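K.L.:
Can you read through this structure? Questions will come right after.
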Amino acid sequence: MRAIFLSSAIALTAAVAAFGQAGNSAKHPMTFEDLQKIKRVGDPQVSPSGKWVLFSVTSVDLAANRKTTHLYTVPVDGSAKEQAVTATKDGETGGRFSPDGKQVLFLSSMEGSQQIYLAPWNEADGTLGTAKRLTSLSTETDGAIWSPDSKSIAFVSDVYPECAQNGAVDDACNKAKDDAAAKSPVKAQIFDGLLYRHWDHYQGQKRSHILLVSADGKQMRDLTPVRDIKDHIAPTFSLGGPMGYAFSPDSKEFAYVVNMDETPAASTNNDIYTLDLTAASPKPVKITTSPGSDDAPAYSPDGKYLAFRSQARAGYESDKFRLMLYDREKKTTKDLLPKFDGWVDEFIWAPNSQHIYFASGTHGGEFLQSIGINEETPAFYVTMLSPTGELSDLHVTPGGEKVIASNMTVREPSHVFAISLEKQVRPEVQIPASVSDAGPLAGKTVGGSPITHLNDRILDSLDLPGMEPFTFAGANGTKVQGFLIRPPNFDPNKKYPLKFLIHGGPQGAWGDAWSYRWNPELFAANGYVVVMINPRGSTGYGQAFIDGVNGDWGGKPYVDLMKGLDYAEAHFPFIDKTRECALGASYGGFMANWILTHTNRFACIVTHDGMYNPQSAYGSTEEMWFNEWEFRQLGAKEPGQPWKYASLPAAQDPFRKWSPMLNIGKAKTPTLVIHGQKDYRLDVSEGFQLFTALQRLKVPSKMLYFPDEGHWVLKPQNSQLWYKTVNDWCDQWTHTNAYAK
């Protein structure tokens with residue numbers, strides 16, 4: 001789980017190596033159309049033989065306003081080109097090899113609704129045979145995974161709880177209820193509890209359940225019936241998080257994540273339960289005890305252990321993600337990394353069950369690390385260093401020779417990357433505090449290389465400047481990191497306008513990662529310097545640094561941002577201090593609103609889906625734990641709720657102390673307000689309130705409203721309008737490009 005808005009995870013290109021390809025006429029600055037032509041690579045899966053990687057490729061048809069995903073394969077050693085192995089009109093996702101190496105499952109809506117399909121796997125040439133549909137559920141399917149014995153498949157489906165009482169799957173019941181709801185002219189809903197809507201949709205009467213189907217499709221059962229999880233959902237929703245369920249190696253046990261608290265909207269207490277699949281009516285057994293979130297269950301290959309991530313503090317979704325080890329025989333749990341101050345973003349077992357590889361963001365870099373399960377004192381070693389950017393989707397080849405992962409940098413979108421563990425840096429090499437402190441290893445890749453090259457041609461045509469790190473003294477003298485990107489065709493003798501990007505979260509971070517929604521390279525492409533600061537609250541600098549934003553939204557983080565901009569202006573003389581725009585989304589949108597009401601140093605502001613009135617935002621959001629943690633009084637243990645502080649002076653009430661709305665009378669900076677109707681994290685009313693106030697105050701302002709988008713702008717043509725409107729607003733008020741004096 002994550003906070004309001006996650007920017008791409010951190011990792012830093014060691015940098016100054018390429019300010020751009022100035023003077024290279026063969027390259028041109030990236031355009032929005034270029035961005036949409038790039039193929040979006042992800043979800044790599046290693047074949048049981050260790051010879052092939054199956055992965056997804058999403059293409060954008062801007063004219064048709066749609067995205068389509070197909071499955072591709074490539075040899076693990078990168079010895080041959082990628083090849084498409086599926087090609088239906090509606091696309092395919094979620095490709096997974098059967099452990100016996102005979103089939104591949106995938107999800108597709110080729111016959112009207114998203115179902116599981118099985119296709120024969122050809123090991124010799126890495127292709128698929130003719131696929132056959134396995135499921136025909138009216139409630140559709142998602143998140144399908146194989147059991148290790150290749151005899152069953154677990155998946156997720158949204159069902160009516162009353163149709164899933166005791167483990168039987170009654171699809172006729174589900175279909176009848178759906179048909180009745182579709183025919184009824186009454187579309188009203190009745191709520192009797194919180195979390196009635198989430199992110200971009202209303203919960204309705206259905207609940208997510210985990211189902212199990214035999215590989216021949218003849219048997220199906222609900223692993224999370226109402227008798228066990230009541231009115232809750234399984235697995236617990238986790239935005240961009242790890243898989244919430246797993247099979248034991250012998251296929252006899254199943255682990256899943258569920259939050260059984262009475263009010264899950266105000267709780268992060270996700271727990272891991274296990275089921276004995278050999279029992280006709282298995283009773284779930286809770287194996288975790290933390291009051292915070294436990295997730296990502298993963299059995300060791302030898303079946304002795306179950307590893308998972310855990311947070312210690314209740315109600316805090318950005319507490320440290322620890323790596324825990326549960327001994328299945330002894331029924332004991334230990335923290336494998338008690339002295340480690342970073343987050344375990346993702347982990348994977350080594351085939352020998354003696355080590356776990358994990359990725360963790362550190363000071364603008366992302367390191368792949370390893371920990372032995374029997375080491376009393378954790379001995380970390382670096383297997384890869386930046387500039388390889390962000391890592392995700394970790395997989396180890398069956399022989400343990402390589403880690404296969406998705407990898408991206410600020411200058412290159414995601415590709416499949418192979419890391420050779422045979423060439424790893426030995427344990428005596430200490431993890432540096434940052435990439436810039438890595439000494440002779442800085443800027444080197446240790447035993448790693450990309451094995452997909454689908455975007456090489458278009459990337460070779462683009463002038464994509466490198467990212468430059470810098471550090472400065474922030475609030476209270478604390479060391480803070482920032483990044484700068486120069487515009488293409490950079491001329492050191494010229495003065496450039498600046499886009500000051502503010503990340504969301506607030507527990508997120510800028511770093512060496514590609515984005516399709518907030519792409520720093522595209523922001524720089526039309527002649528701007530881009531500066532990004534990781535203020536208090538940012539991940540990758542230790543938990544105390546992350547906690548520094550709690551209850552202090554407009555305090556230390558604001559000082560960090562302003563001091564970071566001061567530093568950039570003083571040390572990069574090509575920045576035109578009179579032509580700067582501040583842009584932020586989610587928490588970054590809140591901070592843009594805070595900047596709007598606390599300084600006039602910017603020529604313009606862009607605020608996207610930001611909090612304007614914390615008191616009203618509390619009552620219109622859905623994940624209550626977030627605001628109740630972030631807006632509690634410093635040192636308080638009780639949830640922060642506006643009525644508790646109503647009788648106190650504003651300085652003692654975080655909801656009023658950090659309210660842009662109560663300071664809006666000071667606003668003078670031209671502001672573009674952007675909000676989506678389906679944003680239920682920060683309701684669209686936050687944007688409407690801000691725009692109304694700016695109009696009444698006669699502050700130059702414009703609002704871009706999306707009736708069909710949520711917290712993010714995802715539709716291709718909506719994204720096109722978004723970038724056009726944002727860049728035009730910046731140009732207008734910095735007198736740049738078409739608005740140049």
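FYI, nothing fancy with the structure tokens labels: chains A, B, ... in order, residues from 1 per chain, ligands from 1 as they appear.
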Please extract the residues of stretch 549-623 of chain A with a backbone DSSP assignment of helix (DSSP H, G or I) and present them as a PDB file with all heavy atoms, in the first residue's frame.
P.N.:
ATOM      1  N   LYS A 556       8.522  21.592   7.503  1.00  0.00           N
ATOM      2  CA  LYS A 556       9.861  21.236   7.007  1.00  0.00           C
ATOM      3  C   LYS A 556       9.871  20.899   5.511  1.00  0.00           C
ATOM      4  O   LYS A 556      10.815  21.294   4.806  1.00  0.00           O
ATOM      5  CB  LYS A 556      10.420  20.064   7.825  1.00  0.00           C
ATOM      6  CG  LYS A 556      10.707  20.400   9.286  1.00  0.00           C
ATOM      7  CD  LYS A 556      11.387  19.260  10.018  1.00  0.00           C
ATOM      8  CE  LYS A 556      10.510  18.036  10.168  1.00  0.00           C
ATOM      9  NZ  LYS A 556       9.312  18.265  11.001  1.00  0.00           N
ATOM     10  N   PRO A 557       8.863  20.174   4.985  1.00  0.00           N
ATOM     11  CA  PRO A 557       8.896  19.906   3.544  1.00  0.00           C
ATOM     12  C   PRO A 557       8.906  21.181   2.700  1.00  0.00           C
ATOM     13  O   PRO A 557       9.614  21.259   1.690  1.00  0.00           O
ATOM     14  CB  PRO A 557       7.620  19.088   3.307  1.00  0.00           C
ATOM     15  CG  PRO A 557       7.341  18.449   4.625  1.00  0.00           C
ATOM     16  CD  PRO A 557       7.747  19.469   5.645  1.00  0.00           C
ATOM     17  N   TYR A 558       8.135  22.173   3.114  1.00  0.00           N
ATOM     18  CA  TYR A 558       8.101  23.447   2.378  1.00  0.00           C
ATOM     19  C   TYR A 558       9.455  24.144   2.441  1.00  0.00           C
ATOM     20  O   TYR A 558       9.970  24.641   1.426  1.00  0.00           O
ATOM     21  CB  TYR A 558       7.011  24.344   2.961  1.00  0.00           C
ATOM     22  CG  TYR A 558       6.987  25.746   2.390  1.00  0.00           C
ATOM     23  CD1 TYR A 558       6.551  25.977   1.090  1.00  0.00           C
ATOM     24  CD2 TYR A 558       7.388  26.837   3.167  1.00  0.00           C
ATOM     25  CE1 TYR A 558       6.521  27.267   0.567  1.00  0.00           C
ATOM     26  CE2 TYR A 558       7.359  28.123   2.652  1.00  0.00           C
ATOM     27  CZ  TYR A 558       6.930  28.333   1.354  1.00  0.00           C
ATOM     28  OH  TYR A 558       6.913  29.609   0.844  1.00  0.00           O
ATOM     29  N   VAL A 559      10.057  24.144   3.612  1.00  0.00           N
ATOM     30  CA  VAL A 559      11.386  24.768   3.760  1.00  0.00           C
ATOM     31  C   VAL A 559      12.412  24.024   2.905  1.00  0.00           C
ATOM     32  O   VAL A 559      13.242  24.636   2.228  1.00  0.00           O
ATOM     33  CB  VAL A 559      11.812  24.781   5.240  1.00  0.00           C
ATOM     34  CG1 VAL A 559      13.240  25.315   5.384  1.00  0.00           C
ATOM     35  CG2 VAL A 559      10.849  25.636   6.064  1.00  0.00           C
ATOM     36  N   ASP A 560      12.360  22.680   2.932  1.00  0.00           N
ATOM     37  CA  ASP A 560      13.277  21.892   2.104  1.00  0.00           C
ATOM     38  C   ASP A 560      13.144  22.266   0.629  1.00  0.00           C
ATOM     39  O   ASP A 560      14.145  22.437  -0.083  1.00  0.00           O
ATOM     40  CB  ASP A 560      12.978  20.395   2.266  1.00  0.00           C
ATOM     41  CG  ASP A 560      13.391  19.839   3.619  1.00  0.00           C
ATOM     42  OD1 ASP A 560      14.138  20.519   4.346  1.00  0.00           O
ATOM     43  OD2 ASP A 560      12.962  18.714   3.941  1.00  0.00           O
ATOM     44  N   LEU A 561      11.909  22.388   0.154  1.00  0.00           N
ATOM     45  CA  LEU A 561      11.683  22.715  -1.252  1.00  0.00           C
ATOM     46  C   LEU A 561      12.227  24.098  -1.604  1.00  0.00           C
ATOM     47  O   LEU A 561      12.907  24.274  -2.625  1.00  0.00           O
ATOM     48  CB  LEU A 561      10.192  22.642  -1.578  1.00  0.00           C
ATOM     49  CG  LEU A 561       9.579  21.239  -1.612  1.00  0.00           C
ATOM     50  CD1 LEU A 561       8.058  21.318  -1.614  1.00  0.00           C
ATOM     51  CD2 LEU A 561      10.063  20.467  -2.835  1.00  0.00           C
ATOM     52  N   MET A 562      11.935  25.067  -0.768  1.00  0.00           N
ATOM     53  CA  MET A 562      12.382  26.426  -1.072  1.00  0.00           C
ATOM     54  C   MET A 562      13.908  26.540  -0.981  1.00  0.00           C
ATOM     55  O   MET A 562      14.542  27.217  -1.802  1.00  0.00           O
ATOM     56  CB  MET A 562      11.723  27.424  -0.114  1.00  0.00           C
ATOM     57  CG  MET A 562      10.202  27.538  -0.287  1.00  0.00           C
ATOM     58  SD  MET A 562       9.662  28.013  -1.953  1.00  0.00           S
ATOM     59  CE  MET A 562       9.191  26.423  -2.624  1.00  0.00           C
ATOM     60  N   LYS A 563      14.510  25.884  -0.013  1.00  0.00           N
ATOM     61  CA  LYS A 563      15.970  25.912   0.088  1.00  0.00           C
ATOM     62  C   LYS A 563      16.616  25.164  -1.081  1.00  0.00           C
ATOM     63  O   LYS A 563      17.689  25.542  -1.557  1.00  0.00           O
ATOM     64  CB  LYS A 563      16.414  25.321   1.431  1.00  0.00           C
ATOM     65  CG  LYS A 563      16.194  26.246   2.624  1.00  0.00           C
ATOM     66  CD  LYS A 563      16.728  25.628   3.907  1.00  0.00           C
ATOM     67  CE  LYS A 563      16.625  26.608   5.075  1.00  0.00           C
ATOM     68  NZ  LYS A 563      17.568  27.737   4.949  1.00  0.00           N
ATOM     69  N   GLY A 564      15.962  24.114  -1.540  1.00  0.00           N
ATOM     70  CA  GLY A 564      16.482  23.397  -2.696  1.00  0.00           C
ATOM     71  C   GLY A 564      16.456  24.258  -3.938  1.00  0.00           C
ATOM     72  O   GLY A 564      17.404  24.251  -4.744  1.00  0.00           O
ATOM     73  N   LEU A 565      15.382  25.019  -4.120  1.00  0.00           N
ATOM     74  CA  LEU A 565      15.311  25.922  -5.266  1.00  0.00           C
ATOM     75  C   LEU A 565      16.321  27.054  -5.125  1.00  0.00           C
ATOM     76  O   LEU A 565      16.958  27.463  -6.107  1.00  0.00           O
ATOM     77  CB  LEU A 565      13.890  26.474  -5.406  1.00  0.00           C
ATOM     78  CG  LEU A 565      13.633  27.369  -6.616  1.00  0.00           C
ATOM     79  CD1 LEU A 565      14.030  26.686  -7.912  1.00  0.00           C
ATOM     80  CD2 LEU A 565      12.166  27.796  -6.661  1.00  0.00           C
ATOM     81  N   ASP A 566      16.488  27.550  -3.898  1.00  0.00           N
ATOM     82  CA  ASP A 566      17.519  28.574  -3.658  1.00  0.00           C
ATOM     83  C   ASP A 566      18.889  28.058  -4.088  1.00  0.00           C
ATOM     84  O   ASP A 566      19.670  28.777  -4.737  1.00  0.00           O
ATOM     85  CB  ASP A 566      17.571  28.946  -2.171  1.00  0.00           C
ATOM     86  CG  ASP A 566      16.334  29.701  -1.692  1.00  0.00           C
ATOM     87  OD1 ASP A 566      15.602  30.233  -2.549  1.00  0.00           O
ATOM     88  OD2 ASP A 566      16.103  29.733  -0.469  1.00  0.00           O
ATOM     89  N   TYR A 567      19.186  26.821  -3.718  1.00  0.00           N
ATOM     90  CA  TYR A 567      20.487  26.240  -4.052  1.00  0.00           C
ATOM     91  C   TYR A 567      20.649  26.139  -5.564  1.00  0.00           C
ATOM     92  O   TYR A 567      21.700  26.480  -6.124  1.00  0.00           O
ATOM     93  CB  TYR A 567      20.616  24.854  -3.417  1.00  0.00           C
ATOM     94  CG  TYR A 567      21.924  24.167  -3.734  1.00  0.00           C
ATOM     95  CD1 TYR A 567      23.010  24.255  -2.863  1.00  0.00           C
ATOM     96  CD2 TYR A 567      22.082  23.427  -4.910  1.00  0.00           C
ATOM     97  CE1 TYR A 567      24.216  23.641  -3.157  1.00  0.00           C
ATOM     98  CE2 TYR A 567      23.283  22.802  -5.214  1.00  0.00           C
ATOM     99  CZ  TYR A 567      24.344  22.914  -4.340  1.00  0.00           C
ATOM    100  OH  TYR A 567      25.547  22.305  -4.643  1.00  0.00           O
ATOM    101  N   ALA A 568      19.612  25.649  -6.245  1.00  0.00           N
ATOM    102  CA  ALA A 568      19.696  25.495  -7.697  1.00  0.00           C
ATOM    103  C   ALA A 568      19.908  26.846  -8.372  1.00  0.00           C
ATOM    104  O   ALA A 568      20.728  26.976  -9.295  1.00  0.00           O
ATOM    105  CB  ALA A 568      18.433  24.822  -8.222  1.00  0.00           C
ATOM    106  N   GLU A 569      19.185  27.853  -7.912  1.00  0.00           N
ATOM    107  CA  GLU A 569      19.340  29.185  -8.511  1.00  0.00           C
ATOM    108  C   GLU A 569      20.755  29.731  -8.308  1.00  0.00           C
ATOM    109  O   GLU A 569      21.316  30.388  -9.198  1.00  0.00           O
ATOM    110  CB  GLU A 569      18.325  30.151  -7.895  1.00  0.00           C
ATOM    111  CG  GLU A 569      16.889  29.859  -8.278  1.00  0.00           C
ATOM    112  CD  GLU A 569      15.895  30.719  -7.510  1.00  0.00           C
ATOM    113  OE1 GLU A 569      16.307  31.370  -6.512  1.00  0.00           O
ATOM    114  OE2 GLU A 569      14.717  30.727  -7.879  1.00  0.00           O
ATOM    115  N   ALA A 570      21.344  29.434  -7.151  1.00  0.00           N
ATOM    116  CA  ALA A 570      22.674  29.959  -6.839  1.00  0.00           C
ATOM    117  C   ALA A 570      23.781  29.214  -7.568  1.00  0.00           C
ATOM    118  O   ALA A 570      24.838  29.788  -7.854  1.00  0.00           O
ATOM    119  CB  ALA A 570      22.910  29.900  -5.330  1.00  0.00           C
ATOM    120  N   HIS A 571      23.571  27.927  -7.867  1.00  0.00           N
ATOM    121  CA  HIS A 571      24.645  27.104  -8.422  1.00  0.00           C
ATOM    122  C   HIS A 571      24.489  26.789  -9.910  1.00  0.00           C
ATOM    123  O   HIS A 571      25.411  26.234 -10.520  1.00  0.00           O
ATOM    124  CB  HIS A 571      24.751  25.790  -7.640  1.00  0.00           C
ATOM    125  CG  HIS A 571      25.296  25.966  -6.252  1.00  0.00           C
ATOM    126  ND1 HIS A 571      24.533  26.424  -5.206  1.00  0.00           N
ATOM    127  CD2 HIS A 571      26.547  25.773  -5.752  1.00  0.00           C
ATOM    128  CE1 HIS A 571      25.270  26.483  -4.112  1.00  0.00           C
ATOM    129  NE2 HIS A 571      26.495  26.098  -4.411  1.00  0.00           N
ATOM    130  N   TYR A 587      -0.096  14.994  -3.139  1.00  0.00           N
ATOM    131  CA  TYR A 587       0.573  15.801  -2.113  1.00  0.00           C
ATOM    132  C   TYR A 587       1.319  16.953  -2.787  1.00  0.00           C
ATOM    133  O   TYR A 587       1.388  18.062  -2.249  1.00  0.00           O
ATOM    134  CB  TYR A 587       1.553  14.971  -1.291  1.00  0.00           C
ATOM    135  CG  TYR A 587       2.373  15.840  -0.346  1.00  0.00           C
ATOM    136  CD1 TYR A 587       1.831  16.293   0.849  1.00  0.00           C
ATOM    137  CD2 TYR A 587       3.662  16.239  -0.679  1.00  0.00           C
ATOM    138  CE1 TYR A 587       2.553  17.124   1.692  1.00  0.00           C
ATOM    139  CE2 TYR A 587       4.394  17.059   0.156  1.00  0.00           C
ATOM    140  CZ  TYR A 587       3.836  17.502   1.339  1.00  0.00           C
ATOM    141  OH  TYR A 587       4.559  18.331   2.170  1.00  0.00           O
ATOM    142  N   GLY A 588       1.875  16.694  -3.962  1.00  0.00           N
ATOM    143  CA  GLY A 588       2.504  17.781  -4.711  1.00  0.00           C
ATOM    144  C   GLY A 588       1.505  18.861  -5.052  1.00  0.00           C
ATOM    145  O   GLY A 588       1.847  20.049  -5.139  1.00  0.00           O
ATOM    146  N   GLY A 589       0.236  18.471  -5.278  1.00  0.00           N
ATOM    147  CA  GLY A 589      -0.818  19.452  -5.504  1.00  0.00           C
ATOM    148  C   GLY A 589      -1.116  20.246  -4.249  1.00  0.00           C
ATOM    149  O   GLY A 589      -1.346  21.460  -4.297  1.00  0.00           O
ATOM    150  N   PHE A 590      -1.140  19.547  -3.092  1.00  0.00           N
ATOM    151  CA  PHE A 590      -1.281  20.283  -1.828  1.00  0.00           C
ATOM    152  C   PHE A 590      -0.157  21.299  -1.685  1.00  0.00           C
ATOM    153  O   PHE A 590      -0.388  22.464  -1.346  1.00  0.00           O
ATOM    154  CB  PHE A 590      -1.247  19.327  -0.632  1.00  0.00           C
ATOM    155  CG  PHE A 590      -0.940  20.028   0.666  1.00  0.00           C
ATOM    156  CD1 PHE A 590      -1.940  20.632   1.404  1.00  0.00           C
ATOM    157  CD2 PHE A 590       0.380  20.134   1.136  1.00  0.00           C
ATOM    158  CE1 PHE A 590      -1.656  21.322   2.584  1.00  0.00           C
ATOM    159  CE2 PHE A 590       0.674  20.819   2.305  1.00  0.00           C
ATOM    160  CZ  PHE A 590      -0.344  21.412   3.030  1.00  0.00           C
ATOM    161  N   MET A 591       1.094  20.849  -1.949  1.00  0.00           N
ATOM    162  CA  MET A 591       2.221  21.745  -1.766  1.00  0.00           C
ATOM    163  C   MET A 591       2.176  22.899  -2.765  1.00  0.00           C
ATOM    164  O   MET A 591       2.580  24.024  -2.438  1.00  0.00           O
ATOM    165  CB  MET A 591       3.528  20.969  -1.887  1.00  0.00           C
ATOM    166  CG  MET A 591       4.768  21.790  -1.577  1.00  0.00           C
ATOM    167  SD  MET A 591       4.731  22.659   0.035  1.00  0.00           S
ATOM    168  CE  MET A 591       4.939  21.283   1.162  1.00  0.00           C
ATOM    169  N   ALA A 592       1.687  22.640  -3.977  1.00  0.00           N
ATOM    170  CA  ALA A 592       1.510  23.735  -4.933  1.00  0.00           C
ATOM    171  C   ALA A 592       0.508  24.752  -4.378  1.00  0.00           C
ATOM    172  O   ALA A 592       0.694  25.973  -4.513  1.00  0.00           O
ATOM    173  CB  ALA A 592       1.037  23.191  -6.277  1.00  0.00           C
ATOM    174  N   ASN A 593      -0.558  24.254  -3.735  1.00  0.00           N
ATOM    175  CA  ASN A 593      -1.535  25.143  -3.115  1.00  0.00           C
ATOM    176  C   ASN A 593      -0.929  25.899  -1.934  1.00  0.00           C
ATOM    177  O   ASN A 593      -1.243  27.072  -1.694  1.00  0.00           O
ATOM    178  CB  ASN A 593      -2.750  24.347  -2.646  1.00  0.00           C
ATOM    179  CG  ASN A 593      -3.483  23.679  -3.783  1.00  0.00           C
ATOM    180  OD1 ASN A 593      -3.347  24.072  -4.942  1.00  0.00           O
ATOM    181  ND2 ASN A 593      -4.264  22.645  -3.475  1.00  0.00           N
ATOM    182  N   TRP A 594      -0.062  25.217  -1.187  1.00  0.00           N
ATOM    183  CA  TRP A 594       0.597  25.863  -0.051  1.00  0.00           C
ATOM    184  C   TRP A 594       1.550  26.951  -0.547  1.00  0.00           C
ATOM    185  O   TRP A 594       1.615  28.053   0.014  1.00  0.00           O
ATOM    186  CB  TRP A 594       1.351  24.810   0.761  1.00  0.00           C
ATOM    187  CG  TRP A 594       1.864  25.313   2.082  1.00  0.00           C
ATOM    188  CD1 TRP A 594       3.149  25.632   2.402  1.00  0.00           C
ATOM    189  CD2 TRP A 594       1.084  25.564   3.261  1.00  0.00           C
ATOM    190  NE1 TRP A 594       3.233  26.053   3.712  1.00  0.00           N
ATOM    191  CE2 TRP A 594       1.973  26.028   4.267  1.00  0.00           C
ATOM    192  CE3 TRP A 594      -0.267  25.444   3.565  1.00  0.00           C
ATOM    193  CZ2 TRP A 594       1.548  26.368   5.540  1.00  0.00           C
ATOM    194  CZ3 TRP A 594      -0.694  25.776   4.848  1.00  0.00           C
ATOM    195  CH2 TRP A 594       0.207  26.227   5.815  1.00  0.00           C
ATOM    196  N   ILE A 595       2.286  26.642  -1.599  1.00  0.00           N
ATOM    197  CA  ILE A 595       3.180  27.634  -2.205  1.00  0.00           C
ATOM    198  C   ILE A 595       2.376  28.829  -2.706  1.00  0.00           C
ATOM    199  O   ILE A 595       2.769  29.994  -2.512  1.00  0.00           O
ATOM    200  CB  ILE A 595       3.978  26.984  -3.352  1.00  0.00           C
ATOM    201  CG1 ILE A 595       5.044  26.034  -2.779  1.00  0.00           C
ATOM    202  CG2 ILE A 595       4.616  28.026  -4.261  1.00  0.00           C
ATOM    203  CD1 ILE A 595       5.730  25.176  -3.824  1.00  0.00           C
ATOM    204  N   LEU A 596       1.240  28.555  -3.354  1.00  0.00           N
ATOM    205  CA  LEU A 596       0.369  29.610  -3.858  1.00  0.00           C
ATOM    206  C   LEU A 596      -0.024  30.589  -2.762  1.00  0.00           C
ATOM    207  O   LEU A 596      -0.141  31.800  -3.001  1.00  0.00           O
ATOM    208  CB  LEU A 596      -0.889  28.965  -4.462  1.00  0.00           C
ATOM    209  CG  LEU A 596      -2.074  29.867  -4.791  1.00  0.00           C
ATOM    210  CD1 LEU A 596      -1.717  30.813  -5.937  1.00  0.00           C
ATOM    211  CD2 LEU A 596      -3.299  29.021  -5.145  1.00  0.00           C
ATOM    212  N   PRO A 614      -8.154  20.784   4.069  1.00  0.00           N
ATOM    213  CA  PRO A 614      -7.982  19.514   4.787  1.00  0.00           C
ATOM    214  C   PRO A 614      -9.218  19.061   5.556  1.00  0.00           C
ATOM    215  O   PRO A 614      -9.461  17.855   5.680  1.00  0.00           O
ATOM    216  CB  PRO A 614      -6.806  19.795   5.733  1.00  0.00           C
ATOM    217  CG  PRO A 614      -6.016  20.855   5.015  1.00  0.00           C
ATOM    218  CD  PRO A 614      -7.051  21.728   4.360  1.00  0.00           C
ATOM    219  N   GLN A 615     -10.001  20.011   6.069  1.00  0.00           N
ATOM    220  CA  GLN A 615     -11.190  19.614   6.818  1.00  0.00           C
ATOM    221  C   GLN A 615     -12.209  18.944   5.906  1.00  0.00           C
ATOM    222  O   GLN A 615     -12.763  17.887   6.237  1.00  0.00           O
ATOM    223  CB  GLN A 615     -11.802  20.828   7.514  1.00  0.00           C
ATOM    224  CG  GLN A 615     -10.971  21.325   8.697  1.00  0.00           C
ATOM    225  CD  GLN A 615     -11.601  22.539   9.358  1.00  0.00           C
ATOM    226  OE1 GLN A 615     -11.975  23.501   8.698  1.00  0.00           O
ATOM    227  NE2 GLN A 615     -11.715  22.497  10.671  1.00  0.00           N
ATOM    228  N   SER A 616     -12.465  19.530   4.754  1.00  0.00           N
ATOM    229  CA  SER A 616     -13.433  18.910   3.844  1.00  0.00           C
ATOM    230  C   SER A 616     -12.848  17.662   3.200  1.00  0.00           C
ATOM    231  O   SER A 616     -13.575  16.696   2.922  1.00  0.00           O
ATOM    232  CB  SER A 616     -13.870  19.904   2.768  1.00  0.00           C
ATOM    233  OG  SER A 616     -12.786  20.293   1.942  1.00  0.00           O
ATOM    234  N   ALA A 617     -11.536  17.644   2.964  1.00  0.00           N
ATOM    235  CA  ALA A 617     -10.899  16.468   2.369  1.00  0.00           C
ATOM    236  C   ALA A 617     -11.020  15.268   3.296  1.00  0.00           C
ATOM    237  O   ALA A 617     -11.144  14.126   2.835  1.00  0.00           O
ATOM    238  CB  ALA A 617      -9.428  16.755   2.067  1.00  0.00           C
ATOM    239  N   TYR A 618     -10.986  15.496   4.593  1.00  0.00           N
ATOM    240  CA  TYR A 618     -11.143  14.398   5.544  1.00  0.00           C
ATOM    241  C   TYR A 618     -12.480  13.697   5.343  1.00  0.00           C
ATOM    242  O   TYR A 618     -12.566  12.462   5.386  1.00  0.00           O
ATOM    243  CB  TYR A 618     -11.045  14.922   6.977  1.00  0.00           C
ATOM    244  CG  TYR A 618     -11.353  13.853   8.018  1.00  0.00           C
ATOM    245  CD1 TYR A 618     -10.344  13.010   8.489  1.00  0.00           C
ATOM    246  CD2 TYR A 618     -12.650  13.661   8.496  1.00  0.00           C
ATOM    247  CE1 TYR A 618     -10.622  12.009   9.413  1.00  0.00           C
ATOM    248  CE2 TYR A 618     -12.927  12.666   9.419  1.00  0.00           C
ATOM    249  CZ  TYR A 618     -11.917  11.844   9.877  1.00  0.00           C
ATOM    250  OH  TYR A 618     -12.196  10.851  10.780  1.00  0.00           O
ATOM    251  N   GLY A 619     -13.535  14.466   5.117  1.00  0.00           N
ATOM    252  CA  GLY A 619     -14.869  13.888   5.013  1.00  0.00           C
ATOM    253  C   GLY A 619     -15.215  13.344   3.649  1.00  0.00           C
ATOM    254  O   GLY A 619     -16.236  12.669   3.499  1.00  0.00           O
ATOM    255  N   SER A 620     -14.377  13.617   2.637  1.00  0.00           N
ATOM    256  CA  SER A 620     -14.714  13.171   1.289  1.00  0.00           C
ATOM    257  C   SER A 620     -13.718  12.168   0.717  1.00  0.00           C
ATOM    258  O   SER A 620     -13.886  11.706  -0.404  1.00  0.00           O
ATOM    259  CB  SER A 620     -14.811  14.378   0.344  1.00  0.00           C
ATOM    260  OG  SER A 620     -13.607  15.127   0.345  1.00  0.00           O
TER     261      SER A 620
END
K.L.:
Quick one: everything within 7 Å of A:Asp609, counting only C-alpha atoms, minus sequence neighbours fewer than 3 positions away in the same chain. Send it as number ranges by chain.
P.N.:
A: 585-586, 589, 674-675, 682, 687, 711
K.L.:
Between A:Asp708, A:Asp250, A:Asp43, A:Asp456, which residue has the minimum interatomic distance to A:Pro99, considering only C-alpha atoms?
P.N.:
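Going through A:Asp708, A:Asp250, A:Asp43, A:Asp456 one by one, the smallest distance to A:Pro99 is for A:Asp250.
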K.L.:
Rounded to one decimal place, report the atom CA of A:Gly112-atom CA of A:Ser138 distance in Å.
P.N.:
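Atom CA of A:Ser138 lies at a distance of 10.2 Å from atom CA of A:Gly112.
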K.L.:
Quick one: pick out all strand (DSSP E or B) residues within stretch 498-685 of chain A from a backbone DSSP run and write them as a ChimeraX atom specification.
P.N.:
/A:498-502,529-534,575-585,604-608,671-676
K.L.:
Considering only C-alpha atoms, state which residue in the set A:Tyr299, A:Phe155, A:Trp52, A:Phe490 is at the smallest distance from A:Asn122.
P.N.:
A:Trp52
